[in-house]
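> Just so it is clear, I am handing over target38.txt, which has compact mmCIF, C-alpha atoms.
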```
# COMPACT_ATOMS: atom_id res chain seq x y z
CA MET V 1 110.71 102.90 100.69
CA ASN V 2 109.57 105.15 97.90
CA GLU V 3 112.87 104.60 96.13
CA LEU V 4 112.26 100.88 96.29
CA ALA V 5 108.80 101.32 94.86
CA GLU V 6 110.16 103.50 92.10
CA ARG V 7 112.89 100.98 91.36
CA LEU V 8 110.37 98.15 91.23
CA ALA V 9 107.98 100.12 89.11
CA GLY V 10 110.77 101.58 86.99
CA PRO V 11 110.55 99.16 84.04
CA LEU V 12 106.77 99.36 84.12
CA VAL V 13 106.86 103.14 84.18
CA THR V 14 109.36 103.17 81.31
CA ALA V 15 107.22 100.79 79.32
CA ASP V 16 104.17 102.87 80.12
CA HIS V 17 105.99 105.99 79.07
CA SER V 18 106.96 104.68 75.65
CA LEU V 19 103.48 103.27 75.21
CA ALA V 20 101.94 106.59 76.17
CA ARG V 21 104.15 108.43 73.71
CA GLU V 22 103.16 106.11 70.91
CA PHE V 23 99.56 106.49 71.90
CA GLU V 24 99.82 110.26 71.80
CA GLN V 25 101.11 109.99 68.25
CA ARG V 26 98.17 107.78 67.31
CA LEU V 27 95.81 110.22 68.98
CA ALA V 28 97.14 113.08 66.92
CA ASP V 29 96.77 111.04 63.71
CA SER V 30 93.35 109.56 64.36
CA SER V 31 91.40 112.05 66.44
CA GLY V 32 89.74 113.54 63.34
CA LEU V 33 88.72 110.13 62.08
CA ALA V 34 87.21 109.08 65.40
CA LEU V 35 85.39 112.35 65.81
CA ARG V 36 83.89 112.26 62.30
CA VAL V 37 82.81 108.67 62.62
CA ALA V 38 81.05 109.55 65.86
CA TYR V 39 79.59 112.68 64.33
CA SER V 40 78.23 110.73 61.36
CA VAL V 41 76.14 108.74 63.81
CA LEU V 42 75.27 111.37 66.39
CA ARG V 43 75.36 114.62 64.40
CA HIS V 44 76.27 116.49 67.54
CA GLN V 45 79.71 117.93 68.08
CA GLN V 46 79.88 117.61 71.84
CA ASP V 47 78.38 114.12 71.91
CA ALA V 48 80.76 113.10 69.17
CA GLU V 49 83.70 114.36 71.19
CA ASP V 50 82.51 112.50 74.27
CA VAL V 51 82.20 109.28 72.32
CA ALA V 52 85.56 109.77 70.63
CA GLN V 53 87.14 110.39 74.01
CA GLU V 54 85.63 107.20 75.37
CA ALA V 55 86.88 105.33 72.32
CA PHE V 56 90.39 106.63 72.86
CA SER V 57 90.25 105.70 76.53
CA ARG V 58 89.26 102.15 75.67
CA ALA V 59 91.86 102.05 72.95
CA PHE V 60 94.53 103.07 75.44
CA ARG V 61 93.43 100.37 77.88
CA GLU V 62 93.79 97.71 75.22
CA PHE V 63 96.56 99.35 73.23
CA HIS V 64 99.24 97.01 74.57
CA GLN V 65 97.18 94.04 73.36
CA LEU V 66 97.08 95.31 69.79
CA ARG V 67 99.73 93.30 67.96
CA ASP V 68 99.41 94.95 64.56
CA ARG V 69 99.68 98.65 65.35
CA ASP V 70 99.04 99.52 61.70
CA ARG V 71 95.46 98.44 62.22
CA PHE V 72 94.95 100.98 64.96
CA ARG V 73 92.87 103.30 62.77
CA SER V 74 90.48 100.59 61.65
CA TRP V 75 90.27 99.26 65.20
CA LEU V 76 89.54 102.74 66.50
CA ALA V 77 87.01 103.49 63.74
CA ARG V 78 85.01 100.33 64.44
CA MET V 79 85.14 100.91 68.19
CA THR V 80 84.00 104.50 67.77
CA TRP V 81 81.19 103.42 65.47
CA ARG V 82 79.88 100.89 67.99
CA LEU V 83 80.18 103.33 70.88
CA ALA V 84 78.36 106.00 68.91
CA LEU V 85 75.53 103.62 68.11
CA ASP V 86 75.28 102.66 71.78
CA HIS V 87 75.33 106.30 72.74
CA ARG V 88 72.58 107.12 70.27
CA ARG V 89 70.42 104.31 71.59
CA GLY V 90 70.86 105.62 75.11
CA GLN V 91 70.16 109.20 74.17
CA LYS V 92 67.15 108.68 71.96
CA ARG V 93 65.00 111.27 73.64
CA ARG V 94 67.63 113.95 73.45
CA LEU V 95 68.39 113.11 69.84
CA VAL V 96 64.76 113.47 68.91
CA ARG V 97 64.90 116.91 70.41
CA GLU V 98 68.09 117.69 68.49
CA ASP V 99 66.59 116.40 65.24
CA ARG V 100 63.62 118.64 65.71
CA ALA V 101 65.91 121.56 66.34
CA ALA V 102 67.91 120.69 63.25
CA GLU V 103 64.84 120.68 61.06
CA PRO V 104 64.90 123.49 58.49
CA ASP V 105 63.55 126.74 59.74
CA VAL V 106 60.87 127.69 57.25
CA THR V 107 60.87 131.21 58.51
CA ALA V 108 64.56 131.74 57.81
CA SER V 109 65.33 134.81 55.86
CA HIS V 110 68.09 133.23 53.85
CA GLU V 111 66.49 130.88 51.39
CA GLU V 112 69.75 129.26 50.38
CA ALA V 113 70.67 128.38 53.91
CA SER V 114 67.26 126.96 54.40
CA LEU V 115 67.56 124.84 51.28
CA ALA V 116 71.01 123.60 52.31
CA ALA V 117 69.78 122.63 55.76
CA GLU V 118 66.82 120.84 54.25
CA ARG V 119 69.06 118.99 51.82
CA SER V 120 71.43 117.98 54.59
CA ALA V 121 68.62 116.77 56.78
CA ARG V 122 67.18 114.65 54.02
CA LEU V 123 70.57 113.22 53.20
CA TRP V 124 71.22 112.22 56.79
CA GLN V 125 67.76 110.78 57.01
CA ALA V 126 68.47 108.66 53.97
CA ILE V 127 71.87 107.59 55.27
CA ASP V 128 70.34 106.61 58.58
CA ALA V 129 67.87 104.47 56.70
CA LEU V 130 70.65 102.48 55.06
CA PRO V 131 71.64 99.10 56.47
CA GLU V 132 74.56 99.40 58.83
CA LYS V 133 77.02 97.64 56.55
CA LEU V 134 76.26 100.08 53.73
CA ARG V 135 76.06 103.07 56.00
CA ILE V 136 79.53 102.76 57.47
CA VAL V 137 81.01 102.32 54.03
CA VAL V 138 79.31 105.49 52.77
CA VAL V 139 80.35 107.48 55.82
CA LEU V 140 83.94 106.32 55.75
CA ALA V 141 84.14 106.97 52.02
CA SER V 142 82.90 110.49 52.65
CA ILE V 143 85.34 111.29 55.43
CA GLU V 144 88.03 113.34 53.76
CA GLY V 145 87.53 111.40 50.56
CA GLN V 146 88.80 108.09 51.81
CA ALA V 147 89.85 105.86 48.95
CA VAL V 148 88.17 102.50 48.50
CA LYS V 149 91.36 100.81 49.57
CA ASP V 150 91.47 102.81 52.79
CA VAL V 151 87.83 102.12 53.49
CA ALA V 152 88.45 98.41 52.96
CA ALA V 153 91.29 98.58 55.44
CA LEU V 154 89.19 100.46 57.98
CA VAL V 155 86.20 98.14 57.70
CA GLY V 156 88.32 95.04 57.41
CA VAL V 157 86.76 93.67 54.25
CA PRO V 158 88.14 93.20 50.74
CA VAL V 159 88.21 96.09 48.31
CA GLY V 160 85.67 94.38 46.05
CA THR V 161 83.23 94.12 48.91
CA VAL V 162 83.59 97.84 49.61
CA LYS V 163 82.95 98.64 45.97
CA SER V 164 79.82 96.53 45.81
CA ARG V 165 78.54 98.01 49.06
CA LEU V 166 79.16 101.52 47.82
CA PHE V 167 77.27 100.70 44.65
CA ASP V 168 74.32 99.31 46.62
CA ALA V 169 74.35 102.31 48.92
CA ARG V 170 74.26 104.80 46.04
CA LYS V 171 71.41 102.90 44.47
CA LYS V 172 69.36 102.92 47.66
CA LEU V 173 70.13 106.58 48.35
CA GLN V 174 69.03 107.44 44.85
CA GLU V 175 65.76 105.62 45.37
CA MET V 176 65.14 107.26 48.72
CA LEU V 177 66.01 110.78 47.53
CA ARG V 178 64.05 110.56 44.28
CA MET G 1 66.45 117.79 44.77
CA ASN G 2 64.94 114.79 43.04
CA GLY G 3 67.03 115.33 39.97
CA GLU G 4 70.25 115.86 41.87
CA PRO G 5 72.76 113.15 41.35
CA VAL G 6 73.82 111.20 44.40
CA ASP G 7 77.40 112.19 43.83
CA ASN G 8 76.58 115.79 44.59
CA LEU G 9 74.84 114.76 47.79
CA LEU G 10 77.75 112.65 48.81
CA ARG G 11 80.03 115.58 48.09
CA ASP G 12 77.91 117.66 50.46
CA LEU G 13 78.22 114.92 53.02
CA GLN G 14 81.97 114.91 52.50
CA ASP G 15 82.14 118.67 53.00
CA GLU G 16 80.03 118.50 56.12
CA LEU G 17 82.17 115.80 57.69
CA ALA G 18 85.35 117.61 56.74
CA ALA G 19 84.08 120.62 58.63
CA VAL G 20 83.87 118.57 61.80
CA ARG G 21 87.12 119.09 63.64
CA PRO G 22 88.11 118.32 67.19
CA SER G 23 87.94 121.24 69.55
CA PRO G 24 91.19 122.57 71.01
CA GLU G 25 90.38 120.95 74.35
CA PHE G 26 89.68 117.53 72.88
CA ARG G 27 93.28 116.33 72.87
CA ALA G 28 93.85 117.57 76.41
CA ARG G 29 90.66 115.88 77.59
CA VAL G 30 91.66 112.57 76.05
CA LEU G 31 95.16 112.76 77.52
CA ALA G 32 93.73 113.59 80.93
CA ALA G 33 91.38 110.62 80.73
CA VAL G 34 94.25 108.37 79.71
CA GLU G 35 96.38 109.71 82.56
CA ARG G 36 93.60 108.98 85.03
CA GLN G 37 93.48 105.43 83.76
CA SER G 38 97.20 104.82 83.96
CA ARG G 39 97.72 106.45 87.35
CA PRO G 40 96.19 103.72 89.56
CA VAL G 41 98.58 101.09 88.19
CA ARG G 42 101.61 103.00 89.39
CA ALA G 43 99.92 104.18 92.57
CA TRP G 44 99.22 100.56 93.48
CA TRP G 45 102.94 99.83 93.71
CA GLN G 46 103.64 103.00 95.59
CA TRP G 47 100.80 102.49 98.01
CA LEU G 48 101.90 98.91 98.62
CA ALA G 49 105.38 100.03 99.55
CA VAL G 50 104.17 102.92 101.67
CA ALA G 51 101.52 100.87 103.45
CA ALA G 52 104.04 98.21 104.44
CA VAL G 53 105.61 100.51 107.05
CA PRO G 54 102.54 101.21 109.23
CA VAL G 55 101.36 97.62 108.84
CA ALA G 56 104.70 96.35 110.11
CA ALA G 57 104.60 98.82 112.98
CA VAL G 58 101.11 97.70 113.98
CA VAL G 59 102.10 94.03 113.84
CA ILE G 60 105.18 94.65 115.97
CA ALA G 61 103.13 96.63 118.49
CA MET G 62 100.52 93.87 118.70
CA VAL G 63 103.19 91.22 119.23
CA ALA G 64 104.86 93.33 121.90
CA LEU G 65 101.60 93.91 123.76
CA ARG G 66 100.63 90.26 123.66
CA GLU G 67 103.97 89.14 125.10
CA PRO G 68 103.53 88.41 128.84
CA PRO G 69 105.62 90.46 131.28
CA ARG G 70 108.68 88.64 132.40
CA VAL G 71 109.34 87.74 136.02
CA ALA G 72 112.46 86.23 137.45
CA THR G 73 113.06 82.74 136.20
CA GLU G 74 114.83 79.93 137.91
CA ALA G 75 117.66 79.88 135.44
CA GLU G 76 118.33 83.58 135.97
CA ALA G 77 118.42 83.36 139.73
CA PRO G 78 121.85 83.38 141.32
CA ALA G 79 123.01 80.11 142.86
CA GLY G 80 123.34 81.56 146.33
CA ALA G 81 119.83 82.91 146.35
CA THR G 82 118.26 79.46 146.42
CA ALA G 83 120.49 78.40 149.26
CA ALA G 84 119.64 81.54 151.10
CA SER G 85 115.96 80.84 150.75
CA ASN G 86 116.41 77.57 152.60
CA ARG G 87 117.38 79.54 155.63
CA LEU G 88 113.88 80.87 156.05
CA ALA G 89 112.64 79.66 159.36
CA ALA G 90 108.94 80.49 159.52
CA PRO G 91 107.99 82.06 156.23
CA SER G 92 104.87 84.13 155.88
CA THR G 93 102.98 84.37 152.65
CA VAL G 94 102.48 87.74 151.02
CA ALA G 95 100.46 87.88 147.81
CA PRO G 96 100.69 91.32 146.24
CA SER G 97 100.13 92.41 142.69
CA GLY G 98 103.58 94.00 142.77
CA ILE G 99 106.86 92.71 144.08
CA ALA G 100 110.04 93.74 145.77
CA THR G 101 111.98 96.89 145.10
CA PRO G 102 115.73 97.02 144.67
CA ALA G 103 115.93 98.01 148.32
CA SER G 104 114.41 94.75 149.47
CA ARG G 105 116.34 91.77 150.64
CA PRO G 106 117.69 89.46 147.96
CA ASP G 107 116.56 86.32 149.74
CA ILE G 108 112.90 86.68 148.88
CA THR G 109 111.66 83.40 147.46
CA VAL G 110 108.97 83.41 144.85
CA ALA G 111 107.17 80.20 145.55
CA GLN G 112 104.42 80.48 143.02
CA THR G 113 104.17 82.34 139.78
CA GLN G 114 100.76 82.85 138.25
CA MET G 115 101.00 85.26 135.41
CA ARG G 116 98.61 84.20 132.69
CA PRO G 117 97.16 80.87 131.62
CA GLN G 118 99.86 80.28 129.00
CA THR G 119 102.59 80.75 131.64
CA GLN G 120 101.11 78.61 134.33
CA GLN G 121 103.44 75.72 133.63
CA ALA G 122 105.85 77.49 135.97
CA LYS G 123 103.34 77.28 138.79
CA GLY G 124 104.57 75.48 141.83
CA GLN G 125 108.23 75.85 141.02
CA THR G 126 110.38 77.53 143.61
CA ARG G 127 111.93 80.67 142.16
CA THR G 128 114.01 83.45 143.58
CA ALA G 129 113.66 87.12 142.75
CA THR G 130 116.78 89.25 142.63
CA PRO G 131 116.51 93.00 143.20
CA ALA G 132 116.97 93.70 139.53
CA ARG G 133 114.28 91.20 138.54
CA GLY G 134 112.05 92.60 141.23
CA ALA G 135 112.45 96.07 139.79
CA ALA G 136 111.52 94.76 136.37
CA ALA G 137 108.45 93.12 137.81
CA ILE G 138 107.46 96.38 139.44
CA ALA G 139 107.83 98.19 136.17
CA THR G 140 105.21 95.89 134.71
CA ALA G 141 102.99 95.57 137.73
CA THR G 142 102.70 99.28 138.49
CA HIS G 143 101.35 100.16 135.04
CA PRO G 144 97.91 98.59 135.00
CA GLU G 145 96.87 100.65 131.97
CA VAL G 146 99.46 98.79 129.90
CA PHE G 147 99.29 95.43 131.61
CA PRO G 148 95.92 95.05 133.28
CA ALA G 149 96.13 93.19 136.52
CA PRO G 150 95.08 89.55 136.28
CA PRO G 151 92.17 88.46 138.42
CA GLU G 152 94.46 86.37 140.59
CA PRO G 153 97.64 87.50 142.40
CA ALA G 154 100.53 87.90 140.04
CA PHE G 155 102.75 85.75 142.18
CA GLU G 156 103.31 84.77 145.74
CA VAL G 157 106.24 85.88 147.83
CA ILE G 158 107.35 83.89 150.78
CA THR G 159 109.37 85.88 153.22
CA ASN G 160 110.14 86.06 156.87
CA GLN G 161 109.75 89.84 156.84
CA PRO G 162 106.23 90.62 155.69
CA GLU G 163 106.38 94.09 157.20
CA VAL G 164 109.24 95.05 154.92
CA ILE G 165 107.25 93.91 151.90
CA ARG G 166 104.17 95.70 153.10
CA LEU G 167 106.07 98.97 153.57
CA MET G 168 107.72 98.58 150.24
CA LEU G 169 104.43 98.05 148.44
CA ALA G 170 102.91 101.01 150.25
CA ARG G 171 105.15 103.25 148.17
CA PHE G 172 103.27 102.28 145.09
CA ALA G 173 99.89 103.48 146.23
CA SER G 174 98.91 104.50 142.71
CA ALA G 175 99.10 100.94 141.47
CA ARG G 176 96.23 98.58 142.11
CA GLN G 177 97.57 95.99 144.49
CA SER G 178 96.52 93.97 147.45
CA VAL G 179 98.59 92.44 150.18
CA LEU G 180 97.30 89.33 151.75
CA VAL G 181 99.11 87.94 154.73
CA ALA G 182 98.58 84.27 155.13
CA ASP G 183 98.20 82.38 158.34
CA ASP G 184 101.10 81.51 160.49
CA GLN G 185 101.14 78.10 158.93
CA PRO G 186 103.43 78.05 155.90
CA SER G 187 101.97 76.94 152.64
CA ASP G 188 102.75 73.56 151.15
CA ALA G 189 105.12 75.10 148.67
CA ALA G 190 106.97 76.94 151.37
CA ARG G 191 107.19 74.05 153.80
CA GLU G 192 110.76 72.85 154.17
CA ILE G 193 111.61 69.41 152.94
CA VAL G 194 113.41 67.55 155.65
CA VAL G 195 115.59 64.71 154.48
CA ARG G 196 116.55 62.48 157.33
CA PRO G 197 119.94 60.75 157.12
CA ILE G 198 119.94 57.02 156.51
CA GLU G 199 121.83 55.17 159.20
CA VAL G 200 124.23 52.53 157.92
CA GLN G 201 125.66 49.92 160.29
CA PRO G 202 129.46 49.70 160.33
CA ILE G 203 131.03 46.78 158.47
CA TYR G 204 133.74 44.73 160.12
CA VAL G 205 136.08 42.42 158.21
CA ARG G 206 137.53 39.48 160.24
CA MET G 207 139.38 36.26 159.54
CA LEU G 208 137.37 33.09 159.87
CA GLU G 209 138.14 31.16 163.03
CA ASP G 210 136.85 27.94 164.54
CA PRO G 211 134.62 28.04 166.34
CA LEU G 212 132.99 30.96 164.68
CA PRO G 213 132.31 33.73 167.09
CA ASP G 214 128.81 34.82 167.44
CA PRO G 215 128.53 37.64 164.98
CA GLY G 216 125.86 39.19 167.05
CA GLY G 217 124.08 40.70 164.10
CA VAL G 218 127.33 41.90 162.48
CA PRO G 219 127.74 40.67 158.90
CA ILE G 220 130.68 38.37 158.17
CA ILE G 221 132.69 38.60 154.97
CA ARG G 222 134.74 35.52 154.27
CA ARG G 223 137.89 35.50 152.33
CA ALA G 224 137.66 34.16 148.82
CA ALA G 225 140.21 31.35 149.34
CA ASP G 226 138.33 29.98 152.31
CA ALA G 227 135.11 30.11 150.42
CA ALA G 228 136.64 28.06 147.56
CA ALA G 229 137.99 25.41 149.97
CA ARG G 230 134.62 25.03 151.56
CA SER G 231 132.98 24.52 148.25
CA GLU G 232 135.45 21.70 147.34
CA LYS G 233 134.61 19.86 150.50
```
Please express what this file holds, its structure, as structure tokens.


Amino acid sequence: MNELAERLAGPLVTADHSLAREFEQRLADSSGLALRVAYSVLRHQQDAEDVAQEAFSRAFREFHQLRDRDRFRSWLARMTWRLALDHRRGQKRRLVREDRAAEPDVTASHEEASLAAERSARLWQAIDALPEKLRIVVVLASIEGQAVKDVAALVGVPVGTVKSRLFDARKKLQEMLR
Amino acid sequence: MNGEPVDNLLRDLQDELAAVRPSPEFRARVLAAVERQSRPVRAWWQWLAVAAVPVAAVVIAMVALREPPRVATEAEAPAGATAASNRLAAPSTVAPSGIATPASRPDITVAQTQMRPQTQQAKGQTRTATPARGAAAIATATHPEVFPAPPEPAFEVITNQPEVIRLMLARFASARQSVLVADDQPSDAAREIVVRPIEVQPIYVRMLEDPLPDPGGVPIIRRAADAAARSEK
């Protein structure tokens, strides 16, 4: 009886196996991207990993429906972004606590470290204040120096749109950080 | 900080994000989560195949338990047994929950069979139990835990030796059974059908003569030629 079940499920298992192998390859290529996208929203390593894991799980569930596999990275980046935003909304209280903990320690002995932490906190504060369309472009452009073309592919908009959004984002950041 | 160009800040952001790397367990965690997702799809097929065996066994057991126990049928009875049953002179009625053993006489007539409502169409038919069929009936009747005894007698045995039946049933004291001896009067089913012969008067064929003799109640058959001549006249 088990042999029959294995024979019936054989093609499915084989298809699953090849799909799983391809997915493992995609996981190796895109895990850094998903994690950084999640981190740019959550600013917490463990939360970012949880969200990235959830994004990969969803991606695997719907992987067979993805016709254009070359768009996997952009698909995954957008999914991770949305999941991270949802996660942040659900974890507001904890994030407030984390933000307070991340505030620069004025009593720190190392002045440079204190200045760097303060600068980082202000930068993230400014980025968070950006509209979502501009924010994701800035974040994706900052992840390992993504080129404008790559960012356009990830966001799914033309290159010219990415350029104009980057310009607007810089302008707003400059105003906020002045 | 106010005078810092945005490019420098974005470079800091770039450095910070580049420092974020997945932990060594991240890949294993994702693969484990993916494996958990894909496992139920294959397990469904396996469980379906594995579950078919006990389900089939249960269905077969239910069908077997619902099937009524078989008693001797008319078609299975030997031809001589029915004739032998006609020899019963003054049959007594014994109504036990069990029936004859192989040691009993083969000329025991089962006049009435009342097993269960769905088998009552056989009621009233005269049937004969052979020793082998009787043993089969005992096998079912002496196991009340498997086949609970119906509220009414399983069937009725008409025999001219009720003591033999009574002694035979006494062997199976563990089984729940009751022996009821009917009155001396045989039941309707057991009463013999007497077919009286029809008397036919002898026929005599004679030639027509004049004067016709008085037939005296004996029918006269005329020859065909004489009948035609009479009709011409």

> Using only C-alpha atoms, which of V:Ala28, V:Ala84, V:Val148, V:Leu76 sits nearest Asp50 (chain V)?

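Between V:Ala28, V:Ala84, V:Val148, V:Leu76, the residue approaching Asp50 (chain V) most closely is V:Ala84.
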
> Counting only C-alpha atoms, which residues of chain G sit at most 9 Å from some atom of chain V, and what is each one's closest atom pair with its distance in Å to one decimal, listed by chain and rising residue number, as JSON lines?


```
{"residue": "G:Met1", "atom": "CA", "partner": "V:Leu177", "partner_atom": "CA", "distance": 7.5}
{"residue": "G:Asn2", "atom": "CA", "partner": "V:Arg178", "partner_atom": "CA", "distance": 4.5}
{"residue": "G:Gly3", "atom": "CA", "partner": "V:Arg178", "partner_atom": "CA", "distance": 7.1}
{"residue": "G:Glu4", "atom": "CA", "partner": "V:Arg178", "partner_atom": "CA", "distance": 8.5}
{"residue": "G:Pro5", "atom": "CA", "partner": "V:Gln174", "partner_atom": "CA", "distance": 7.7}
{"residue": "G:Val6", "atom": "CA", "partner": "V:Gln174", "partner_atom": "CA", "distance": 6.1}
{"residue": "G:Asp7", "atom": "CA", "partner": "V:Arg170", "partner_atom": "CA", "distance": 8.3}
{"residue": "G:Leu9", "atom": "CA", "partner": "V:Leu123", "partner_atom": "CA", "distance": 7.1}
{"residue": "G:Leu10", "atom": "CA", "partner": "V:Ser142", "partner_atom": "CA", "distance": 6.8}
{"residue": "G:Arg11", "atom": "CA", "partner": "V:Ser142", "partner_atom": "CA", "distance": 7.4}
{"residue": "G:Asp12", "atom": "CA", "partner": "V:Ser120", "partner_atom": "CA", "distance": 7.7}
{"residue": "G:Leu13", "atom": "CA", "partner": "V:Ser142", "partner_atom": "CA", "distance": 6.5}
{"residue": "G:Gln14", "atom": "CA", "partner": "V:Ser142", "partner_atom": "CA", "distance": 4.5}
{"residue": "G:Asp15", "atom": "CA", "partner": "V:Glu144", "partner_atom": "CA", "distance": 8.0}
{"residue": "G:Glu16", "atom": "CA", "partner": "V:Ser120", "partner_atom": "CA", "distance": 8.8}
{"residue": "G:Leu17", "atom": "CA", "partner": "V:Ile143", "partner_atom": "CA", "distance": 6.0}
{"residue": "G:Ala18", "atom": "CA", "partner": "V:Glu144", "partner_atom": "CA", "distance": 5.9}
{"residue": "G:Val20", "atom": "CA", "partner": "V:Arg36", "partner_atom": "CA", "distance": 6.3}
{"residue": "G:Arg21", "atom": "CA", "partner": "V:Gly32", "partner_atom": "CA", "distance": 6.1}
{"residue": "G:Pro22", "atom": "CA", "partner": "V:Gly32", "partner_atom": "CA", "distance": 6.4}
{"residue": "G:Ser23", "atom": "CA", "partner": "V:Glu49", "partner_atom": "CA", "distance": 8.2}
{"residue": "G:Phe26", "atom": "CA", "partner": "V:Glu49", "partner_atom": "CA", "distance": 7.0}
{"residue": "G:Arg27", "atom": "CA", "partner": "V:Leu27", "partner_atom": "CA", "distance": 7.7}
{"residue": "G:Arg29", "atom": "CA", "partner": "V:Gln53", "partner_atom": "CA", "distance": 7.4}
{"residue": "G:Val30", "atom": "CA", "partner": "V:Gln53", "partner_atom": "CA", "distance": 5.4}
{"residue": "G:Leu31", "atom": "CA", "partner": "V:Glu24", "partner_atom": "CA", "distance": 7.8}
{"residue": "G:Ala33", "atom": "CA", "partner": "V:Ser57", "partner_atom": "CA", "distance": 6.6}
{"residue": "G:Val34", "atom": "CA", "partner": "V:Ser57", "partner_atom": "CA", "distance": 5.8}
{"residue": "G:Gln37", "atom": "CA", "partner": "V:Arg61", "partner_atom": "CA", "distance": 7.8}
{"residue": "G:Ser38", "atom": "CA", "partner": "V:Asp16", "partner_atom": "CA", "distance": 8.2}
{"residue": "G:Arg42", "atom": "CA", "partner": "V:Ala9", "partner_atom": "CA", "distance": 7.0}
{"residue": "G:Trp45", "atom": "CA", "partner": "V:Ala5", "partner_atom": "CA", "distance": 6.2}
{"residue": "G:Gln46", "atom": "CA", "partner": "V:Ala5", "partner_atom": "CA", "distance": 5.5}
{"residue": "G:Trp47", "atom": "CA", "partner": "V:Ala5", "partner_atom": "CA", "distance": 8.7}
{"residue": "G:Leu48", "atom": "CA", "partner": "V:Ala5", "partner_atom": "CA", "distance": 8.2}
{"residue": "G:Ala49", "atom": "CA", "partner": "V:Ala5", "partner_atom": "CA", "distance": 5.9}
{"residue": "G:Val50", "atom": "CA", "partner": "V:Met1", "partner_atom": "CA", "distance": 6.6}
{"residue": "G:Ala52", "atom": "CA", "partner": "V:Met1", "partner_atom": "CA", "distance": 9.0}
{"residue": "G:Val53", "atom": "CA", "partner": "V:Met1", "partner_atom": "CA", "distance": 8.5}
```

> Within 8 Å of Leu134 (chain V), counting all atoms listed in the file, which residues show up once you throw out same-chain ones fewer than 5 positions away? Write them as an mmCIF file with C-alpha atoms, in the frame of the given file, please.


```
data_model
loop_
_atom_site.group_PDB
_atom_site.id
_atom_site.type_symbol
_atom_site.label_atom_id
_atom_site.label_comp_id
_atom_site.auth_asym_id
_atom_site.auth_seq_id
_atom_site.Cartn_x
_atom_site.Cartn_y
_atom_site.Cartn_z
ATOM 1 C CA ARG V 165 78.540 98.010 49.060
ATOM 2 C CA LEU V 166 79.160 101.520 47.820
ATOM 3 C CA ASP V 168 74.320 99.310 46.620
ATOM 4 C CA ALA V 169 74.350 102.310 48.920
#
```

> Which distance in Å separates CA of Ala153 (chain V) and CA of Ser30 (chain V), to one decimal?

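We find that CA of Ala153 (chain V) and CA of Ser30 (chain V) lie 14.3 Å from each other.
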
> One decimal, Å: what's the distance from CA of Ala147 (chain V) over to CA of Ser164 (chain V), could you say?

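Interatomic distance here is 14.1 Å.
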
> Work out how far apart CA of Gln125 (chain V) and CA of Val51 (chain V) are and give it in Å to one decimal.

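CA of Val51 (chain V) lies 21.1 Å from CA of Gln125 (chain V).
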